[in-house]
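Have a look at the structure below before the remarks.
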Amino acid sequence: MASLVLKDINKYYTNTFHAVKDLNLTIDDKEFIILVGPSGCGKSTSLRMIAGLEEISSGELYIDDKLVNDVEPKDRDIAMVFQNYALYPHMTVFDNMAFGLKLRKMSKEEIQTKVNEAAEILNIKELLNRKPKELSGGQRQRVALGRAIVREPKVFLMDEPLSNLDAKLRVQMRSEINKLHKKLQTTFIYVTHDQTEAMTMGTRIVVMKDGIVQQVADPQTIYEYP
Ligand code: ADP
Ligand code: ADP
């Protein structure tokens, strides 16, 4: 359960470089928002500000009506999945998925249950004892998703999670992420520069250019079919 309100959010990387300009957006609970636009338009910066990984220069960010500008990333109840997966190479899949839960001092039994549930959803139960280097790209991406799911975050942020996969796997993972959204019933915010992903995944698309939101609409409205 999470709604987000982004109010007049700006990001300056230096006094002069204005990466995100007056971003205003209200995201309802359970929406699947796609942030789309050319490279360098401010998509990742926006996502990172929501995650708390990048400071907001001005403006306000509310999660469930609570102002979170000064809330630490770990206290925002948000999980983020990156394009390069960021798995720990020396740890098994199980330990990669359990890592964040161990930090939260959850009991072993509870960790086992949560990791097994997530592994079931993502169809990676038979991979739990492998190391990341023994996995395919698609399997690694599932583990990265699994590591986020086990935390049961209110908001799921994804930054071009499929861009390192080959075309066939991208198609497959697109539909798996869609299923995941339906299953988890949480708010997804997904960054991509790929129009096919934007068209087939989101419930609403936010088009950015040069740090400015150009358009907010549903996929059918933005991409007209011939
Ligand atoms: P996108 O995700 O749409 O490709 P980014 O949000 O990564 O765009 O970047 C937006 C702009 O901010 C780009 O011009 C980029 O070069 C710049 N930028 C991103 N991160 C930094 C940083 N840490 N310091 C300075 N400029 C940055
Ligand atoms: P510890 O966390 O103290 O190292 P555990 O008894 O929790 O010990 O687990 C030992 C190892 O067995 C873990 O590090 C993990 O890699 C693996 N493991 C535990 N549970 C599972 C499971 N359900 N499936 C696969 N591997 C598991």
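Labels used: A, B, ... for chains in the order of the structure tokens, numbers from 1 for residues in each chain, and numbers from 1 for ligands as shown.
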* Can you list every residue in segment 10-159 of chain A that DSSP puts in helix (DSSP H, G or I), as number ranges by chain? -> A: 43-51, 73-75, 93-103, 108-122, 125-127, 132-134, 137-149
* What's the 9 Å shell around Asn178 of chain A, counting only C-alpha atoms, without same-chain residues fewer than 2 positions away, as a list in words? ->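 The filter keeps Phe32, Met173, Arg174, Ser175, Glu176, Leu180, His181, Lys182, Lys183, Thr200, Met201 and Gly202 of chain A.
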Write the residues you've just listed into a file as a compact mmCIF listing (two decimals), in the first residue's frame, and include all heavy atoms for each of them.
```
# COMPACT_ATOMS: atom_id res chain seq x y z
N PHE A 32 1.42 1.15 -11.80
CA PHE A 32 2.67 0.72 -12.43
C PHE A 32 3.07 1.86 -13.37
O PHE A 32 2.58 1.96 -14.48
CB PHE A 32 2.43 -0.58 -13.20
CG PHE A 32 3.69 -1.29 -13.67
CD1 PHE A 32 3.69 -2.65 -13.85
CD2 PHE A 32 4.86 -0.60 -13.94
CE1 PHE A 32 4.83 -3.32 -14.30
CE2 PHE A 32 6.01 -1.24 -14.38
CZ PHE A 32 5.98 -2.62 -14.55
N MET A 173 10.88 -11.57 -19.57
CA MET A 173 10.91 -10.89 -18.27
C MET A 173 9.88 -9.76 -18.20
O MET A 173 9.36 -9.47 -17.14
CB MET A 173 12.31 -10.33 -17.99
CG MET A 173 13.36 -11.38 -17.69
SD MET A 173 12.99 -12.45 -16.26
CE MET A 173 13.07 -11.29 -14.90
N ARG A 174 9.59 -9.15 -19.36
CA ARG A 174 8.53 -8.12 -19.38
C ARG A 174 7.25 -8.69 -18.84
O ARG A 174 6.61 -8.11 -17.97
CB ARG A 174 8.27 -7.66 -20.83
CG ARG A 174 9.21 -6.61 -21.33
CD ARG A 174 8.56 -5.74 -22.37
NE ARG A 174 7.94 -6.40 -23.49
CZ ARG A 174 8.48 -6.59 -24.69
NH1 ARG A 174 9.71 -6.18 -24.93
NH2 ARG A 174 7.81 -7.19 -25.64
N SER A 175 6.88 -9.87 -19.34
CA SER A 175 5.60 -10.41 -18.91
C SER A 175 5.70 -10.92 -17.47
O SER A 175 4.73 -10.87 -16.72
CB SER A 175 5.11 -11.47 -19.90
OG SER A 175 5.63 -12.71 -19.57
N GLU A 176 6.89 -11.37 -17.07
CA GLU A 176 7.03 -11.82 -15.67
C GLU A 176 6.91 -10.65 -14.70
O GLU A 176 6.34 -10.79 -13.62
CB GLU A 176 8.34 -12.57 -15.49
CG GLU A 176 8.31 -13.88 -16.26
CD GLU A 176 9.38 -14.85 -15.83
OE1 GLU A 176 10.00 -14.62 -14.78
OE2 GLU A 176 9.59 -15.82 -16.56
N LEU A 180 4.25 -10.11 -11.78
CA LEU A 180 4.71 -9.80 -10.43
C LEU A 180 3.94 -8.61 -9.86
O LEU A 180 3.53 -8.60 -8.70
CB LEU A 180 6.20 -9.47 -10.49
CG LEU A 180 7.01 -9.52 -9.22
CD1 LEU A 180 6.94 -10.90 -8.61
CD2 LEU A 180 8.47 -9.16 -9.52
N HIS A 181 3.73 -7.62 -10.71
CA HIS A 181 2.98 -6.45 -10.25
C HIS A 181 1.56 -6.83 -9.84
O HIS A 181 1.07 -6.41 -8.80
CB HIS A 181 2.94 -5.38 -11.36
CG HIS A 181 2.10 -4.20 -11.01
ND1 HIS A 181 0.90 -3.94 -11.62
CD2 HIS A 181 2.26 -3.24 -10.07
CE1 HIS A 181 0.37 -2.85 -11.08
NE2 HIS A 181 1.17 -2.41 -10.15
N LYS A 182 0.92 -7.67 -10.65
CA LYS A 182 -0.44 -8.11 -10.32
C LYS A 182 -0.45 -8.90 -9.02
O LYS A 182 -1.32 -8.75 -8.17
CB LYS A 182 -1.01 -8.97 -11.44
CG LYS A 182 -1.35 -8.16 -12.67
CD LYS A 182 -2.33 -8.87 -13.58
CE LYS A 182 -2.61 -8.01 -14.81
NZ LYS A 182 -1.45 -8.05 -15.75
N LYS A 183 0.56 -9.74 -8.87
CA LYS A 183 0.62 -10.61 -7.69
C LYS A 183 0.91 -9.83 -6.41
O LYS A 183 0.28 -10.04 -5.38
CB LYS A 183 1.70 -11.66 -7.94
CG LYS A 183 1.88 -12.60 -6.79
CD LYS A 183 2.35 -13.95 -7.28
CE LYS A 183 2.28 -14.92 -6.13
NZ LYS A 183 1.52 -16.11 -6.41
N THR A 200 4.01 -1.86 -23.16
CA THR A 200 3.42 -3.14 -22.75
C THR A 200 3.41 -3.36 -21.23
O THR A 200 2.87 -4.34 -20.76
CB THR A 200 4.17 -4.33 -23.39
OG1 THR A 200 5.56 -4.21 -23.06
CG2 THR A 200 4.00 -4.33 -24.89
N MET A 201 4.02 -2.47 -20.48
CA MET A 201 4.14 -2.75 -19.06
C MET A 201 3.33 -1.84 -18.15
O MET A 201 2.73 -2.29 -17.20
CB MET A 201 5.61 -2.74 -18.64
CG MET A 201 6.40 -3.83 -19.36
SD MET A 201 8.12 -3.86 -18.92
CE MET A 201 8.07 -4.64 -17.33
N GLY A 202 3.33 -0.56 -18.39
CA GLY A 202 2.79 0.34 -17.39
C GLY A 202 1.29 0.52 -17.42
O GLY A 202 0.62 0.21 -18.40
```
Give me the residues within 8 Å of segment 102-119 of chain A as a JSON list (two decimals) with N, CA, C and O atoms, in the first residue's frame, counting only C-alpha atoms and dropping any in the same chain fewer than 4 places off.
```json
[["chain", "number", "residue", "atom", "x", "y", "z"],
["A", 94, "PHE", "N", 20.55, -17.93, -2.16],
["A", 94, "PHE", "CA", 19.81, -17.86, -0.91],
["A", 94, "PHE", "C", 20.32, -16.70, -0.05],
["A", 94, "PHE", "O", 19.55, -15.87, 0.43],
["A", 97, "MET", "N", 19.49, -13.27, -1.31],
["A", 97, "MET", "CA", 18.10, -12.89, -1.04],
["A", 97, "MET", "C", 17.87, -12.64, 0.45],
["A", 97, "MET", "O", 17.05, -11.82, 0.84],
["A", 98, "ALA", "N", 18.62, -13.37, 1.28],
["A", 98, "ALA", "CA", 18.41, -13.27, 2.73],
["A", 98, "ALA", "C", 19.12, -12.07, 3.35],
["A", 98, "ALA", "O", 18.79, -11.64, 4.44],
["A", 123, "ASN", "N", 10.31, -18.63, -9.63],
["A", 123, "ASN", "CA", 10.73, -19.86, -10.26],
["A", 123, "ASN", "C", 12.25, -20.07, -10.21],
["A", 123, "ASN", "O", 12.88, -20.42, -11.21],
["A", 124, "ILE", "N", 12.84, -19.81, -9.04],
["A", 124, "ILE", "CA", 14.29, -19.99, -8.89],
["A", 124, "ILE", "C", 14.62, -20.88, -7.69],
["A", 124, "ILE", "O", 15.72, -20.84, -7.15],
["A", 125, "LYS", "N", 13.66, -21.70, -7.28],
["A", 125, "LYS", "CA", 13.89, -22.52, -6.08],
["A", 125, "LYS", "C", 15.08, -23.45, -6.24],
["A", 125, "LYS", "O", 15.81, -23.71, -5.29],
["A", 128, "LEU", "N", 18.85, -21.91, -5.43],
["A", 128, "LEU", "CA", 19.17, -21.24, -4.16],
["A", 128, "LEU", "C", 20.59, -21.46, -3.66],
["A", 128, "LEU", "O", 21.15, -20.62, -2.96],
["A", 146, "GLY", "N", 14.07, -11.02, -6.60],
["A", 146, "GLY", "CA", 13.77, -11.77, -5.38],
["A", 146, "GLY", "C", 14.28, -11.07, -4.14],
["A", 146, "GLY", "O", 13.62, -11.02, -3.11],
["A", 149, "ILE", "N", 11.81, -8.42, -3.43],
["A", 149, "ILE", "CA", 10.49, -8.91, -3.01],
["A", 149, "ILE", "C", 10.47, -9.35, -1.54],
["A", 149, "ILE", "O", 9.52, -9.09, -0.82],
["A", 150, "VAL", "N", 11.53, -10.04, -1.09],
["A", 150, "VAL", "CA", 11.52, -10.60, 0.26],
["A", 150, "VAL", "C", 11.31, -9.51, 1.31],
["A", 150, "VAL", "O", 10.80, -9.78, 2.39]]
```
List every residue of chain A that has an atom at most 10 Å from any atom of ligand 1, and for each one report the closest atom pair and its distance in Å to one decimal, counting only C-alpha atoms and all ligand atoms, with rows sorted by chain and then by increasing residue number, as JSON lines.
```
{"residue": "A:Lys11", "atom": "CA", "partner": "ligand 1", "partner_atom_place_in_ligand_line": "12 (O)", "distance": 8.6}
{"residue": "A:Tyr12", "atom": "CA", "partner": "ligand 1", "partner_atom_place_in_ligand_line": "26 (N)", "distance": 8.2}
{"residue": "A:Tyr13", "atom": "CA", "partner": "ligand 1", "partner_atom_place_in_ligand_line": "25 (C)", "distance": 4.8}
{"residue": "A:Thr14", "atom": "CA", "partner": "ligand 1", "partner_atom_place_in_ligand_line": "25 (C)", "distance": 6.9}
{"residue": "A:Phe17", "atom": "CA", "partner": "ligand 1", "partner_atom_place_in_ligand_line": "26 (N)", "distance": 7.2}
{"residue": "A:His18", "atom": "CA", "partner": "ligand 1", "partner_atom_place_in_ligand_line": "12 (O)", "distance": 7.6}
{"residue": "A:Ala19", "atom": "CA", "partner": "ligand 1", "partner_atom_place_in_ligand_line": "12 (O)", "distance": 4.7}
{"residue": "A:Val20", "atom": "CA", "partner": "ligand 1", "partner_atom_place_in_ligand_line": "10 (C)", "distance": 7.3}
{"residue": "A:Leu35", "atom": "CA", "partner": "ligand 1", "partner_atom_place_in_ligand_line": "3 (O)", "distance": 8.7}
{"residue": "A:Val36", "atom": "CA", "partner": "ligand 1", "partner_atom_place_in_ligand_line": "3 (O)", "distance": 7.8}
{"residue": "A:Gly37", "atom": "CA", "partner": "ligand 1", "partner_atom_place_in_ligand_line": "3 (O)", "distance": 6.4}
{"residue": "A:Pro38", "atom": "CA", "partner": "ligand 1", "partner_atom_place_in_ligand_line": "3 (O)", "distance": 6.1}
{"residue": "A:Ser39", "atom": "CA", "partner": "ligand 1", "partner_atom_place_in_ligand_line": "4 (O)", "distance": 3.7}
{"residue": "A:Gly40", "atom": "CA", "partner": "ligand 1", "partner_atom_place_in_ligand_line": "8 (O)", "distance": 3.4}
{"residue": "A:Cys41", "atom": "CA", "partner": "ligand 1", "partner_atom_place_in_ligand_line": "3 (O)", "distance": 3.8}
{"residue": "A:Gly42", "atom": "CA", "partner": "ligand 1", "partner_atom_place_in_ligand_line": "6 (O)", "distance": 3.2}
{"residue": "A:Lys43", "atom": "CA", "partner": "ligand 1", "partner_atom_place_in_ligand_line": "3 (O)", "distance": 3.8}
{"residue": "A:Ser44", "atom": "CA", "partner": "ligand 1", "partner_atom_place_in_ligand_line": "2 (O)", "distance": 3.5}
{"residue": "A:Thr45", "atom": "CA", "partner": "ligand 1", "partner_atom_place_in_ligand_line": "6 (O)", "distance": 3.6}
{"residue": "A:Ser46", "atom": "CA", "partner": "ligand 1", "partner_atom_place_in_ligand_line": "6 (O)", "distance": 6.4}
{"residue": "A:Leu47", "atom": "CA", "partner": "ligand 1", "partner_atom_place_in_ligand_line": "6 (O)", "distance": 8.0}
{"residue": "A:Arg48", "atom": "CA", "partner": "ligand 1", "partner_atom_place_in_ligand_line": "6 (O)", "distance": 8.2}
{"residue": "A:Met49", "atom": "CA", "partner": "ligand 1", "partner_atom_place_in_ligand_line": "6 (O)", "distance": 9.8}
{"residue": "A:Glu54", "atom": "CA", "partner": "ligand 1", "partner_atom_place_in_ligand_line": "23 (N)", "distance": 8.5}
{"residue": "A:Asp159", "atom": "CA", "partner": "ligand 1", "partner_atom_place_in_ligand_line": "2 (O)", "distance": 8.1}
{"residue": "A:Glu160", "atom": "CA", "partner": "ligand 1", "partner_atom_place_in_ligand_line": "2 (O)", "distance": 8.9}
{"residue": "A:Val191", "atom": "CA", "partner": "ligand 1", "partner_atom_place_in_ligand_line": "2 (O)", "distance": 7.6}
{"residue": "A:Thr192", "atom": "CA", "partner": "ligand 1", "partner_atom_place_in_ligand_line": "2 (O)", "distance": 8.2}
{"residue": "A:His193", "atom": "CA", "partner": "ligand 1", "partner_atom_place_in_ligand_line": "3 (O)", "distance": 7.9}
{"residue": "A:Met208", "atom": "CA", "partner": "ligand 1", "partner_atom_place_in_ligand_line": "3 (O)", "distance": 7.8}
{"residue": "A:Lys209", "atom": "CA", "partner": "ligand 1", "partner_atom_place_in_ligand_line": "3 (O)", "distance": 8.0}
{"residue": "A:Asp210", "atom": "CA", "partner": "ligand 1", "partner_atom_place_in_ligand_line": "10 (C)", "distance": 7.8}
{"residue": "A:Gly211", "atom": "CA", "partner": "ligand 1", "partner_atom_place_in_ligand_line": "10 (C)", "distance": 6.9}
```
* To do: Quick one: pick out all strand (DSSP E) residues within segment 52-224 of chain A from a backbone DSSP run and write them as an MDAnalysis selection string.
  => chainID A and resid 58:63 66:67 78:81 155:159 187:192 204:209 212:217
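Residues in contact range of Lys154 of chain A, defined as at most 10 Å between only C-alpha atoms, with sequence neighbours fewer than 4 positions away removed, read A:Met1, A:Ala2, A:Ser3, A:Asp29, A:Lys30, A:Ile63, A:Asp64, A:Arg76, A:Asp77, A:Ile78, A:Ala79, A:Leu184, A:Gln185, A:Thr186, A:Thr187, A:Phe188.
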* Asked: Which is closer to Ile177 of chain A than all the others in A:Gly59, A:Pro161, A:Pro219, A:Pro153, using only C-alpha atoms?
  -> A:Pro161
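A straight line drawn from atom CA of Val68 of chain A to atom CA of Val155 of chain A is 13.4 Å long.
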* To do: Would you mind listing what lies within 10 Å of Lys7 of chain A as an MDAnalysis selection string, with only C-alpha atoms counted and same-chain residues fewer than 6 positions away left out?
  => chainID A and resid 22:26 58:62
* Asked: What is the distance between atom 16 (O, counted along the ligand's line) of ligand 2 and atom CA of Thr92 of chain A, in Å to one decimal?
  ->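 Calculated distance between atom 16 (O, counted along the ligand's line) of ligand 2 and atom CA of Thr92 of chain A is 5.6 Å.
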* Rounded to one decimal in Å, what is the spacing between atom CA of Lys168 of chain A and atom CA of Arg147 of chain A? ->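 Spanning atom CA of Lys168 of chain A to atom CA of Arg147 of chain A is a straight-line distance of 23.3 Å.
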